[in-house]
file data-v5.txt (compact mmCIF, C-alpha atoms)
# COMPACT_ATOMS: atom_id res chain seq x y z
CA MET A 30 -20.53 26.43 17.18
CA ASP A 31 -18.91 24.44 14.35
CA ARG A 32 -21.49 25.41 11.74
CA ALA A 33 -19.40 28.25 10.26
CA LEU A 34 -16.34 26.02 9.89
CA ARG A 35 -18.42 23.28 8.34
CA ASP A 36 -19.89 25.70 5.78
CA CYS A 37 -16.45 27.07 4.95
CA LEU A 38 -14.87 23.62 4.52
CA ASP A 39 -17.79 22.49 2.36
CA ALA A 40 -17.41 25.58 0.16
CA LEU A 41 -13.66 24.97 -0.13
CA HIS A 42 -14.28 21.34 -1.06
CA ASP A 43 -16.96 22.15 -3.63
CA GLY A 44 -14.91 24.99 -5.11
CA ARG A 45 -17.54 27.59 -4.21
CA ALA A 46 -16.66 31.22 -3.40
CA LEU A 47 -15.70 31.55 0.25
CA GLN A 48 -16.80 35.19 0.38
CA ASP A 49 -20.47 34.19 0.23
CA VAL A 50 -20.06 31.84 3.18
CA LEU A 51 -18.01 34.32 5.20
CA ARG A 52 -20.66 36.96 4.63
CA ARG A 53 -23.14 34.70 6.41
CA HIS A 54 -20.88 34.60 9.49
CA PRO A 55 -19.59 38.20 9.68
CA GLY A 56 -18.60 38.04 13.34
CA ARG A 57 -16.35 35.03 12.76
CA ARG A 58 -14.68 36.04 9.52
CA ASP A 59 -11.12 36.36 10.89
CA GLU A 60 -11.41 33.21 13.00
CA MET A 61 -12.60 31.22 9.97
CA ILE A 62 -9.88 32.55 7.66
CA ALA A 63 -7.23 31.55 10.21
CA MET A 64 -8.75 28.07 10.58
CA LEU A 65 -8.94 27.55 6.84
CA GLN A 66 -5.32 28.65 6.47
CA LEU A 67 -4.37 26.11 9.12
CA SER A 68 -6.38 23.36 7.39
CA VAL A 69 -4.54 24.13 4.14
CA ASP A 70 -1.16 24.07 5.96
CA LEU A 71 -2.06 20.66 7.37
CA GLN A 72 -2.75 19.29 3.91
CA GLN A 73 0.89 19.89 3.04
CA LEU A 74 1.87 17.29 5.66
CA GLN A 75 1.19 14.32 3.41
CA ALA A 76 3.16 11.09 3.44
CA PRO A 77 5.11 10.36 0.23
CA ALA A 78 3.47 8.54 -2.67
CA PRO A 79 4.12 4.80 -3.11
CA ASP A 80 7.12 3.66 -5.10
CA PRO A 81 6.14 2.87 -8.74
CA ALA A 82 7.73 -0.60 -8.60
CA PHE A 83 5.73 -1.40 -5.48
CA ARG A 84 2.57 -0.03 -7.08
CA LEU A 85 2.93 -2.48 -9.93
CA ARG A 86 4.02 -5.44 -7.81
CA ALA A 87 1.11 -5.09 -5.35
CA ARG A 88 -1.35 -4.65 -8.22
CA ASN A 89 -0.14 -7.84 -9.90
CA ARG A 90 -0.37 -9.78 -6.65
CA MET A 91 -3.87 -8.51 -5.96
CA LEU A 92 -5.01 -9.48 -9.45
CA ALA A 93 -3.32 -12.88 -9.19
CA SER A 94 -5.13 -13.45 -5.90
CA ALA A 95 -8.43 -12.51 -7.56
CA ARG A 96 -7.71 -14.91 -10.41
CA ARG A 97 -7.09 -17.73 -7.96
CA GLY A 98 -10.41 -16.92 -6.30
CA ARG A 99 -12.13 -17.04 -9.66
CA SER A 100 -10.52 -20.25 -10.84
CA LEU A 101 -11.40 -22.05 -7.60
CA SER A 102 -14.96 -20.81 -7.78
CA ARG A 103 -15.16 -22.10 -11.37
CA LEU A 104 -14.26 -25.69 -10.53
CA PRO A 105 -17.10 -28.10 -11.28
CA VAL A 106 -19.25 -28.43 -8.18
CA THR A 107 -18.63 -32.13 -7.63
CA TYR A 108 -14.88 -31.74 -8.07
CA ALA A 109 -14.82 -28.75 -5.73
CA ARG A 110 -16.88 -30.68 -3.16
CA ARG A 111 -14.55 -33.63 -3.39
CA LEU A 112 -11.57 -31.34 -3.02
CA ARG A 113 -12.95 -29.34 -0.11
CA PRO A 114 -11.87 -31.65 2.74
CA VAL A 115 -8.42 -31.93 1.17
CA LEU A 116 -8.10 -28.15 0.92
CA TYR A 117 -9.24 -27.72 4.49
CA GLY A 118 -6.80 -30.40 5.59
CA VAL A 119 -3.90 -28.75 3.75
CA ALA A 120 -4.87 -25.31 5.03
CA GLY A 121 -5.24 -26.61 8.58
CA ALA A 122 -1.92 -28.41 8.53
CA ALA A 123 -0.18 -25.38 7.02
CA ALA A 124 -1.76 -23.09 9.59
CA ALA A 125 -0.73 -25.38 12.44
CA VAL A 126 2.88 -25.48 11.22
CA ALA A 127 2.89 -21.74 10.67
CA ILE A 128 1.46 -21.00 14.12
CA VAL A 129 3.96 -23.26 15.82
CA ALA A 130 6.78 -21.57 13.95
CA GLY A 131 5.64 -18.08 14.79
CA GLY A 132 2.73 -16.74 12.78
CA ALA A 133 1.01 -17.44 9.50
CA SER A 134 2.48 -14.46 7.71
CA ALA A 135 5.97 -15.65 8.58
CA ALA A 136 5.83 -18.31 5.86
CA ALA A 137 5.13 -15.75 3.16
CA GLN A 138 8.13 -13.65 4.21
CA THR A 139 10.55 -16.53 4.54
CA VAL A 140 13.68 -17.11 2.41
CA PRO A 141 15.60 -20.28 1.48
CA GLY A 142 17.30 -21.93 4.44
CA GLU A 143 14.60 -20.84 6.92
CA PRO A 144 12.34 -23.49 8.48
CA LEU A 145 9.12 -22.26 6.85
CA TYR A 146 10.51 -21.92 3.34
CA PRO A 147 9.63 -25.50 2.29
CA LEU A 148 6.06 -24.81 3.44
CA LYS A 149 5.95 -21.73 1.25
CA THR A 150 7.12 -23.57 -1.88
CA ALA A 151 4.84 -26.51 -1.10
CA VAL A 152 1.84 -24.18 -0.89
CA GLU A 153 2.90 -22.59 -4.18
CA GLY A 154 3.02 -26.05 -5.78
CA ILE A 155 -0.48 -26.87 -4.49
CA GLU A 156 -1.82 -23.54 -5.73
CA LEU A 157 -0.36 -24.19 -9.17
CA ARG A 158 -1.85 -27.66 -9.34
CA LEU A 159 -5.27 -26.38 -8.30
CA THR A 160 -5.28 -23.61 -10.89
CA LEU A 161 -6.75 -25.22 -13.96
CA ASP A 162 -7.21 -22.12 -16.07
CA PRO A 163 -4.07 -21.75 -18.25
CA THR A 164 -4.01 -17.94 -18.10
CA ALA A 165 -4.45 -17.92 -14.33
CA SER A 166 -1.74 -20.53 -14.03
CA ALA A 167 0.67 -18.43 -16.11
CA HIS A 168 -0.09 -15.41 -13.92
CA LEU A 169 0.57 -17.50 -10.86
CA ARG A 170 3.97 -18.54 -12.23
CA LEU A 171 4.75 -14.89 -12.83
CA GLU A 172 3.72 -14.02 -9.29
CA PHE A 173 5.92 -16.76 -7.85
CA ALA A 174 8.82 -15.59 -10.01
CA GLN A 175 8.36 -12.11 -8.53
CA ARG A 176 8.55 -13.68 -5.07
CA ARG A 177 11.93 -15.17 -6.04
CA LEU A 178 13.10 -11.66 -6.92
CA ALA A 179 11.89 -10.32 -3.57
CA GLU A 180 13.69 -13.19 -1.83
CA ALA A 181 16.85 -12.33 -3.76
CA GLN A 182 16.62 -8.76 -2.50
CA ARG A 183 16.13 -9.91 1.08
CA LEU A 184 18.96 -12.44 0.87
CA ALA A 185 21.30 -9.78 -0.51
CA SER A 186 20.31 -7.40 2.28
CA ILE A 187 21.32 -9.96 4.93
CA GLY A 188 24.62 -10.76 3.21
CA ARG A 189 23.66 -14.13 1.66
CA VAL A 190 24.82 -12.98 -1.73
CA PRO A 191 25.45 -16.29 -3.56
CA GLU A 192 21.91 -17.45 -2.74
CA ALA A 193 20.56 -14.07 -3.85
CA VAL A 194 22.23 -14.57 -7.23
CA GLN A 195 20.71 -18.05 -7.42
CA MET A 196 17.25 -16.60 -6.81
CA VAL A 197 17.77 -13.99 -9.54
CA ASP A 198 18.78 -16.79 -11.94
CA LEU A 199 15.60 -18.65 -11.03
CA TYR A 200 13.52 -15.52 -11.56
CA ALA A 201 15.11 -14.85 -14.96
CA ALA A 202 14.74 -18.51 -16.00
CA THR A 203 11.03 -18.58 -15.15
CA LEU A 204 10.35 -15.38 -17.02
CA SER A 205 12.46 -16.41 -20.01
CA ALA A 206 10.60 -19.73 -20.09
CA GLY A 207 7.24 -18.14 -20.67
CA ALA A 208 5.70 -16.61 -17.55
CA GLY A 209 7.03 -13.31 -18.88
CA ASP A 210 4.30 -13.42 -21.53
CA GLN A 211 1.99 -12.18 -18.81
CA ALA A 212 4.28 -9.34 -17.78
CA SER A 213 3.26 -6.00 -19.18
CA ALA A 214 5.88 -3.64 -20.60
CA ALA A 215 5.60 -1.59 -17.42
CA GLY A 216 6.05 -4.73 -15.31
CA GLN A 217 9.14 -5.67 -17.25
CA ALA A 218 10.54 -2.15 -16.85
CA ALA A 219 9.94 -2.30 -13.09
CA ALA A 220 11.62 -5.71 -12.86
CA ASP A 221 14.56 -4.36 -14.88
CA GLN A 222 14.81 -1.46 -12.48
CA GLU A 223 14.81 -3.75 -9.47
CA LEU A 224 17.54 -5.95 -10.93
CA GLN A 225 19.55 -2.86 -11.78
CA ARG A 226 19.13 -1.55 -8.23
CA LEU A 227 20.18 -4.89 -6.75
CA ALA A 228 23.27 -5.05 -8.98
CA GLY A 229 24.09 -1.44 -8.08
CA SER A 230 23.86 -2.03 -4.34
CA LEU A 231 25.99 -5.19 -4.61
CA ASN A 232 28.56 -3.26 -6.61
CA ALA A 233 28.58 -0.48 -4.04
CA SER A 234 29.20 -2.98 -1.25
CA GLY A 235 32.18 -4.48 -3.09
CA GLN A 236 30.39 -7.63 -4.35
CA ARG A 237 31.47 -7.04 -7.94
CA GLN A 238 31.28 -10.68 -9.05
CA ALA A 239 27.70 -11.02 -7.80
CA ALA A 240 26.75 -7.74 -9.45
CA VAL A 241 28.16 -8.99 -12.76
CA SER A 242 26.16 -12.24 -12.43
CA ILE A 243 22.97 -10.30 -11.86
CA GLU A 244 23.67 -8.03 -14.80
CA ARG A 245 24.28 -11.10 -16.92
CA ALA A 246 20.97 -12.65 -15.83
CA LYS A 247 19.24 -9.38 -16.61
CA ALA A 248 20.83 -9.26 -20.08
CA HIS A 249 19.69 -12.85 -20.82
CA LEU A 250 16.22 -12.01 -19.64
CA ASP A 251 16.07 -8.85 -21.76
CA GLN A 252 17.22 -10.85 -24.76
CA ALA A 253 14.64 -13.61 -24.17
CA MET A 254 11.83 -11.09 -23.74
CA ALA A 255 12.89 -9.15 -26.85
CA SER A 256 12.96 -12.27 -29.03
CA ARG A 257 9.60 -13.36 -27.59
CA GLN A 258 8.08 -10.00 -28.44
CA SER A 259 9.47 -10.07 -31.99
CA ARG A 260 7.89 -13.49 -32.63
CA PRO A 261 4.34 -13.57 -34.05
CA THR A 262 1.96 -14.29 -31.17
CA GLY A 263 -0.42 -17.17 -31.72
CA PRO A 264 -3.40 -17.77 -29.48
CA SER A 265 -1.70 -20.57 -27.56
CA GLN A 266 1.30 -18.39 -26.93
CA ALA A 267 -0.74 -15.51 -25.67
CA THR A 268 -2.78 -17.46 -23.20
CA GLY A 269 -0.97 -20.74 -22.67
CA PRO A 270 0.63 -21.71 -19.41
CA ALA A 271 4.31 -20.97 -18.86
CA LYS A 272 6.57 -23.98 -18.98
CA PRO A 273 9.49 -24.26 -16.59
CA ALA A 274 12.95 -23.69 -18.09
CA ALA A 275 14.39 -26.70 -19.87
CA GLY A 276 16.32 -28.88 -17.47
CA ARG A 277 14.97 -27.01 -14.48
CA PRO A 278 11.73 -28.71 -13.51
CA GLY A 279 9.93 -26.84 -10.78
CA ALA A 280 11.88 -23.64 -11.42
CA ALA A 281 8.72 -21.59 -11.28
CA THR A 282 7.84 -22.76 -7.81
CA GLY A 283 11.32 -22.40 -6.45
CA ALA A 284 11.47 -26.11 -5.67
CA LYS A 285 15.12 -26.21 -6.70
CA ALA A 286 16.06 -23.28 -4.58
CA ARG A 287 16.28 -24.98 -1.25
CA MET B 19 -12.55 16.63 0.62
CA GLY B 20 -10.46 15.87 -2.47
CA ALA B 21 -10.37 12.06 -2.51
CA VAL B 22 -12.69 10.14 -4.78
CA LYS B 23 -15.31 8.60 -2.55
CA THR B 24 -18.20 7.47 -4.65
CA LEU B 25 -17.87 4.22 -6.50
CA ASP B 26 -20.69 3.48 -8.83
CA ASP B 27 -22.78 0.42 -8.12
CA ALA B 28 -21.85 -1.19 -11.43
CA LEU B 29 -18.14 -1.03 -10.61
CA ILE B 30 -18.70 -2.62 -7.21
CA ARG B 31 -20.92 -5.30 -8.72
CA ARG B 32 -18.14 -6.19 -11.15
CA ALA B 33 -15.54 -6.12 -8.38
CA ARG B 34 -17.69 -8.45 -6.27
CA ALA B 35 -17.48 -10.96 -9.12
CA LEU B 36 -13.67 -10.48 -8.96
CA ASP B 37 -13.59 -8.81 -12.36
CA PRO B 38 -9.90 -7.85 -12.85
CA GLY B 39 -10.71 -4.54 -14.60
CA ALA B 40 -12.98 -3.40 -11.77
CA LEU B 41 -10.50 -4.47 -9.09
CA ALA B 42 -7.68 -2.68 -10.90
CA GLU B 43 -9.77 0.48 -11.12
CA ILE B 44 -10.56 0.41 -7.40
CA TYR B 45 -6.87 -0.22 -6.70
CA GLU B 46 -5.78 2.77 -8.77
CA ARG B 47 -8.34 5.03 -7.11
CA HIS B 48 -7.39 4.10 -3.58
CA LEU B 49 -3.77 2.97 -3.55
CA ASP B 50 -2.22 6.39 -2.91
CA GLY B 51 -4.64 7.28 -0.13
CA ILE B 52 -4.39 3.93 1.63
CA TYR B 53 -0.58 3.85 1.34
CA ARG B 54 -0.25 7.38 2.68
CA TYR B 55 -2.69 6.66 5.49
CA ILE B 56 -0.57 3.69 6.57
CA TYR B 57 2.83 5.31 5.97
CA ALA B 58 1.93 8.37 8.04
CA ARG B 59 1.20 6.09 11.00
CA ILE B 60 3.88 3.43 10.55
CA GLY B 61 6.72 5.63 9.29
CA HIS B 62 8.59 2.84 7.55
CA GLN B 63 8.43 2.27 3.81
CA ALA B 64 8.80 -1.52 3.75
CA ASP B 65 6.17 -1.98 6.50
CA ALA B 66 3.83 0.49 4.83
CA GLU B 67 4.16 -1.42 1.56
CA ASP B 68 3.56 -4.73 3.31
CA LEU B 69 0.40 -3.49 5.04
CA THR B 70 -0.89 -1.72 1.93
CA GLU B 71 -0.55 -4.93 -0.05
CA GLN B 72 -2.40 -6.79 2.68
CA VAL B 73 -5.26 -4.26 2.53
CA PHE B 74 -5.86 -5.01 -1.14
CA LEU B 75 -5.46 -8.77 -0.72
CA LYS B 76 -8.00 -8.66 2.11
CA MET B 77 -10.24 -6.56 -0.09
CA VAL B 78 -10.14 -9.29 -2.77
CA ASP B 79 -10.98 -11.93 -0.16
CA ALA B 80 -13.86 -9.99 1.34
CA ILE B 81 -15.37 -8.08 -1.58
CA PRO B 82 -17.60 -10.93 -2.83
CA GLY B 83 -19.50 -10.59 0.46
CA TYR B 84 -19.39 -6.78 0.57
CA ARG B 85 -22.73 -5.06 1.22
CA SER B 86 -22.88 -1.29 1.38
CA ARG B 87 -25.47 -0.97 4.21
CA GLY B 88 -25.13 2.81 3.96
CA VAL B 89 -21.38 2.75 4.52
CA PRO B 90 -19.34 4.12 1.60
CA PHE B 91 -16.94 1.67 -0.02
CA SER B 92 -13.97 3.90 0.82
CA SER B 93 -14.89 3.73 4.53
CA TRP B 94 -14.97 -0.05 4.32
CA LEU B 95 -11.53 -0.11 2.68
CA TYR B 96 -10.02 2.35 5.16
CA ARG B 97 -11.46 0.25 7.98
CA ILE B 98 -9.36 -2.68 6.72
CA ALA B 99 -6.26 -0.44 6.65
CA HIS B 100 -7.06 1.00 10.06
CA ASN B 101 -7.44 -2.46 11.62
CA LEU B 102 -4.15 -3.63 10.13
CA VAL B 103 -2.34 -0.56 11.50
CA VAL B 104 -3.92 -1.01 14.93
CA ASP B 105 -2.91 -4.66 14.88
CA ARG B 106 0.69 -3.73 13.99
CA TYR B 107 0.69 -1.12 16.79
CA ARG B 108 -0.53 -3.71 19.27
CA ARG B 109 2.22 -6.11 18.31
CA SER B 110 4.82 -3.41 18.83
CA GLY B 111 3.32 -2.44 22.20
CA ARG B 112 2.01 0.98 21.15
CA THR B 113 -1.50 2.04 22.08
CA THR B 114 -2.35 5.30 20.35
CA LEU B 115 -2.39 5.87 16.61
CA GLN B 116 0.02 8.69 15.93
CA LEU B 117 1.49 10.48 12.96
CA THR B 118 5.17 9.72 12.53
CA GLU B 119 8.03 11.96 11.47
CA ALA B 120 7.78 10.32 8.08
CA VAL B 121 5.06 12.65 6.88
CA GLU B 122 6.45 14.79 4.14
CA ASP B 123 6.34 18.52 3.81
CA ARG B 124 4.83 19.23 0.41
CA GLY B 125 4.39 22.93 1.03
CA PRO B 126 4.44 25.19 -2.01
CA TYR B 127 6.77 27.59 -0.23
CA ALA B 128 9.99 28.05 -2.14
CA ASP B 129 11.90 29.93 0.51
CA PRO B 130 12.02 29.65 4.30
CA GLU B 131 11.00 33.27 4.76
CA GLY B 132 7.84 32.76 2.75
CA ARG B 133 7.04 29.70 4.80
CA PHE B 134 7.53 31.58 8.03
CA GLU B 135 5.20 34.30 6.89
CA PHE B 136 2.42 32.34 5.22
CA GLY B 137 2.41 28.86 6.67
CA GLN B 138 3.43 26.68 9.56
CA ASP B 139 6.53 24.62 9.11
CA ARG B 140 6.43 20.85 9.33
CA SER B 141 8.09 20.17 12.65
CA ARG B 142 6.18 22.94 14.45
CA LEU B 143 2.93 21.54 13.12
CA LEU B 144 3.79 17.98 14.10
CA ASP B 145 4.86 19.05 17.59
CA ALA B 146 1.66 21.01 18.02
CA ILE B 147 -0.50 18.11 16.78
CA ARG B 148 1.12 15.83 19.34
CA GLN B 149 -0.09 18.12 22.12
CA LEU B 150 -3.73 17.54 21.16
CA THR B 151 -5.89 14.85 22.75
CA PRO B 152 -5.72 11.45 20.95
CA ASP B 153 -9.19 11.98 19.46
CA GLN B 154 -8.28 15.42 18.21
CA GLN B 155 -5.03 14.12 16.71
CA GLN B 156 -6.93 11.43 14.85
CA VAL B 157 -9.51 13.75 13.45
CA ILE B 158 -6.91 16.33 12.36
CA ALA B 159 -4.85 13.64 10.64
CA MET B 160 -7.80 11.95 8.94
CA ARG B 161 -9.63 15.07 7.85
CA PHE B 162 -6.82 17.39 6.79
CA ILE B 163 -3.80 15.20 6.08
CA ASP B 164 -5.38 11.98 4.81
CA ASN B 165 -8.10 14.04 3.15
CA LEU B 166 -10.92 11.73 4.26
CA ASP B 167 -14.45 13.04 4.33
CA VAL B 168 -16.53 13.33 7.49
CA GLN B 169 -18.46 10.15 6.80
CA ASP B 170 -15.29 8.08 6.41
CA VAL B 171 -13.81 9.51 9.60
CA ALA B 172 -17.06 8.90 11.47
CA HIS B 173 -17.03 5.28 10.33
CA LEU B 174 -13.38 4.76 11.27
CA LEU B 175 -13.72 6.35 14.70
CA ARG B 176 -17.17 4.82 15.26
CA ARG B 177 -18.74 8.21 15.95
CA ARG B 178 -21.63 10.13 14.46
CA PRO B 179 -20.80 12.64 11.67
CA GLY B 180 -22.08 15.47 13.90
CA ALA B 181 -19.57 14.49 16.56
CA ILE B 182 -16.78 14.58 13.98
CA HIS B 183 -17.77 18.11 12.90
CA ALA B 184 -17.65 19.28 16.51
CA LEU B 185 -14.38 17.46 17.16
CA GLN B 186 -12.67 18.93 14.10
CA TYR B 187 -13.69 22.43 15.17
CA ARG B 188 -12.32 21.92 18.68
CA ALA B 189 -9.15 20.30 17.30
CA LEU B 190 -8.39 23.15 14.87
CA ASN B 191 -9.12 25.66 17.62
CA SER B 192 -6.75 23.95 20.06
CA LEU B 193 -4.08 23.57 17.41
CA GLN B 194 -4.26 27.25 16.63
CA ARG B 195 -3.99 28.15 20.31
CA ILE B 196 -0.93 25.92 20.73
CA LEU B 197 0.79 27.36 17.65
CA ARG B 198 0.09 30.93 18.72
CA SER B 199 1.36 30.42 22.25
CA GLU B 200 4.51 28.79 20.88
CA GLN B 201 4.99 31.63 18.46
CA ARG B 202 4.68 34.13 21.33
CA ALA B 203 7.15 32.13 23.40
CA GLY B 204 9.55 32.08 20.43
CA VAL B 205 9.33 35.85 20.02
CA GLN B 206 9.95 36.36 23.76
CA ARG B 207 12.97 34.06 23.63
CA ALA B 208 14.36 35.96 20.63
CA GLN B 209 13.85 39.32 22.37
CA GLY B 210 15.45 38.00 25.58
CA GLY B 211 18.41 36.73 23.53
CA ARG B 212 18.89 40.14 21.86
CA ARG B 213 18.77 41.95 25.24
CA GLY B 214 21.24 39.49 26.73
call {"tool": "encode", "arguments": {"input": "data-v5.txt", "output": "structure tokens"}}
result
Amino acid sequence: MDRALRDCLDALHDGRALQDVLRRHPGRRDEMIAMLQLSVDLQQLQAPAPDPAFRLRARNRMLASARRGRSLSRLPVTYARRLRPVLYGVAGAAAAVAIVAGGASAAAQTVPGEPLYPLKTAVEGIELRLTLDPTASAHLRLEFAQRRLAEAQRLASIGRVPEAVQMVDLYAATLSAGAGDQASAAGQAAADQELQRLAGSLNASGQRQAAVSIERAKAHLDQAMASRQSRPTGPSQATGPAKPAAGRPGAATGAKAR
Amino acid sequence: MGAVKTLDDALIRRARALDPGALAEIYERHLDGIYRYIYARIGHQADAEDLTEQVFLKMVDAIPGYRSRGVPFSSWLYRIAHNLVVDRYRRSGRTTLQLTEAVEDRGPYADPEGRFEFGQDRSRLLDAIRQLTPDQQQVIAMRFIDNLDVQDVAHLLRRRPGAIHALQYRALNSLQRILRSEQRAGVQRAQGGRRG
């Protein structure tokens, strides 16, 4: 019963001539043509493609997560064994807190001022301390800086504009301080776009002062990145860990943001 | 169908060792498909982005233990996406996976007349799809909108490939019947309106 359709769809998929297939099913030619037309119509009903900024952000997070997996698996066996109960203890305690407060994923989505936010920054601190590989550590700092930017966007969307500006400052400071070495040109362009969009939406909602602050942070960041790129890159600069901004210990982990 | 389905063994071997290049390649191959699969069922950009990101993070967690066992890698990845969508549906109290209004009309038709003559328009198609049985809706969406191949659909719906072939035939047939009867009803309404 479905054989003719199957042959026709296979031919369409493989780019073979449909006429040959239709000739094998002469009594069902019109029915098959109508079905194929419908299948083509259906293919036009596709959801939109992902946003380019999201594409880059999710890719970076996935790769950062892989790097963490690799760096943990590379710990010396004895050290890893010694650490294992501690890690389980931390994970268990974090899970218990997260469950009590309404779900494990809640902590990842939280913003400053919410009950789970300290847990989020504490976990970030632990992750940084456990990541011994300098490159992986720098990537982790970059990932956490990107979280600060996402938090800024969320804070702005719920009207907590001064804190949103603070988060953008933190983001720019972390990147200026060195984590930006790991950001590709495309990543930097996407971050620029996001800052621009945030400033634009604040401007549109009458928050001119906040928009100016964000544009200022963006300009400082652009300047820092440009001067970094114009400097000759030594091996330690290319792969070394990012240092927090001077006078802002813990900036990369958002410890000062609370 | 059109999506890339076959990942060479070497690429998967590298990905299982969490090689960043291999993971990035898999990501680039599958991001659009996975995102669209989720978006079409969730209908909200931020949620679709959140779930898509989770799919790839879960992939990184699970890939070191991945064994093909005759199941294509793409099926395995779509299974992760499918489970996340089902989980999100459950939390929001919905039971059946459905396409949302968010699906986009990417028809090549430049003018409405051409669309009327040569293709079905978006809302008519969506309305007609919603009149199919849940199984038929799923198979239509997966095969012809998500562009998944029969093996992937069979894996996701936990059916044999032969059953999917039969189901897609019945689904297209029913969809055609619904569209034709609605077209006839539309013509009758238009004629009645002119007479009145």
call {"tool": "closest_atom_pairs", "arguments": {"input": "data-v5.txt", "of": "chain A", "to": "chain B", "cutoff": "10 Å", "atoms": "all atoms listed in the file", "output": "CSV"}}
result
residue,atom,partner,partner_atom,distance
A:Met30,CA,B:Ala184,CA,7.7
A:Asp31,CA,B:Tyr187,CA,5.7
A:Arg32,CA,B:His183,CA,8.3
A:Ala33,CA,B:Tyr187,CA,9.5
A:Leu34,CA,B:Tyr187,CA,6.9
A:Arg35,CA,B:His183,CA,6.9
A:Leu38,CA,B:Met19,CA,8.3
A:Asp39,CA,B:Met19,CA,8.1
A:Leu41,CA,B:Met19,CA,8.4
A:His42,CA,B:Met19,CA,5.3
A:Asp43,CA,B:Met19,CA,8.2
A:Glu60,CA,B:Asn191,CA,9.1
A:Ala63,CA,B:Gln194,CA,8.3
A:Met64,CA,B:Leu190,CA,6.5
A:Leu65,CA,B:Leu190,CA,9.2
A:Gln66,CA,B:Gly137,CA,7.7
A:Leu67,CA,B:Gln194,CA,7.6
A:Ser68,CA,B:Phe162,CA,6.0
A:Val69,CA,B:Phe162,CA,7.6
A:Asp70,CA,B:Gly137,CA,6.0
A:Leu71,CA,B:Phe162,CA,5.8
A:Gln72,CA,B:Ile163,CA,4.7
A:Gln73,CA,B:Arg124,CA,4.8
A:Leu74,CA,B:Asp123,CA,5.0
A:Gln75,CA,B:Glu122,CA,5.3
A:Ala76,CA,B:Val121,CA,4.2
A:Pro77,CA,B:Glu122,CA,6.1
A:Ala78,CA,B:Asp50,CA,6.1
A:Pro79,CA,B:Asp50,CA,6.5
A:Asp80,CA,B:Glu67,CA,8.9
A:Phe83,CA,B:Glu67,CA,7.2
A:Arg84,CA,B:Leu49,CA,7.9
A:Arg86,CA,B:Glu71,CA,9.0
A:Ala87,CA,B:Glu71,CA,5.6
A:Arg88,CA,B:Ala42,CA,7.2
A:Asn89,CA,B:Ala42,CA,9.2
A:Arg90,CA,B:Leu75,CA,7.9
A:Met91,CA,B:Leu75,CA,5.5
A:Leu92,CA,B:Pro38,CA,6.2
A:Ala93,CA,B:Pro38,CA,9.1
A:Ser94,CA,B:Leu75,CA,7.0
A:Ala95,CA,B:Leu36,CA,5.8
A:Arg96,CA,B:Leu36,CA,7.6
A:Arg97,CA,B:Leu36,CA,9.8
A:Gly98,CA,B:Leu36,CA,7.7
A:Arg99,CA,B:Leu36,CA,6.8
call {"tool": "atom_distance", "arguments": {"input": "data-v5.txt", "atom1": "atom CA of A:Glu223", "atom2": "atom CA of A:Gln182"}}
result
8.8 Å
call {"tool": "atom_distance", "arguments": {"input": "data-v5.txt", "atom1": "atom CA of B:Tyr84", "atom2": "atom CA of B:Arg31"}}
result
9.5 Å
call {"tool": "closest_residue", "arguments": {"input": "data-v5.txt", "among": "B:Ile44, B:Pro179, B:Val104, B:Ala189", "to": "B:Asp153", "atoms": "all atoms listed in the file"}}
result
B:Ala189
call {"tool": "atom_distance", "arguments": {"input": "data-v5.txt", "atom1": "atom CA of A:Ala193", "atom2": "atom CA of A:Ala255"}}
result
24.7 Å
call {"tool": "residues_around", "arguments": {"input": "data-v5.txt", "residues": "A:Arg53", "least_positions_apart": "5", "cutoff": "10 Å", "atoms": "all atoms listed in the file", "output": "VMD selection string"}}
result
chain A and resid 33 36 48 58
call {"tool": "write_last_selection", "arguments": {"input": "data-v5.txt", "atoms": "C-alpha atoms", "output": "PDB file, in the frame of the given file"}}
result
ATOM      1  CA  ALA A  33     -19.400  28.250  10.260  1.00  0.00           C
ATOM      2  CA  ASP A  36     -19.890  25.700   5.780  1.00  0.00           C
ATOM      3  CA  GLN A  48     -16.800  35.190   0.380  1.00  0.00           C
ATOM      4  CA  ARG A  58     -14.680  36.040   9.520  1.00  0.00           C
TER       5      ARG A  58
END
call {"tool": "residues_around", "arguments": {"input": "data-v5.txt", "residues": "B:Phe91", "least_positions_apart": "6", "cutoff": "12 Å", "atoms": "all atoms listed in the file", "output": "list of chain:residue names"}}
result
B:Val22, B:Lys23, B:Thr24, B:Leu25, B:Asp26, B:Asp27, B:Leu29, B:Ile30, B:Arg31, B:Ala33, B:Arg34, B:Ile44, B:Arg47, B:His48, B:Met77, B:Ile81, B:Tyr84, B:Arg85, B:Arg97, B:Ile98, B:Gln169, B:Asp170, B:His173
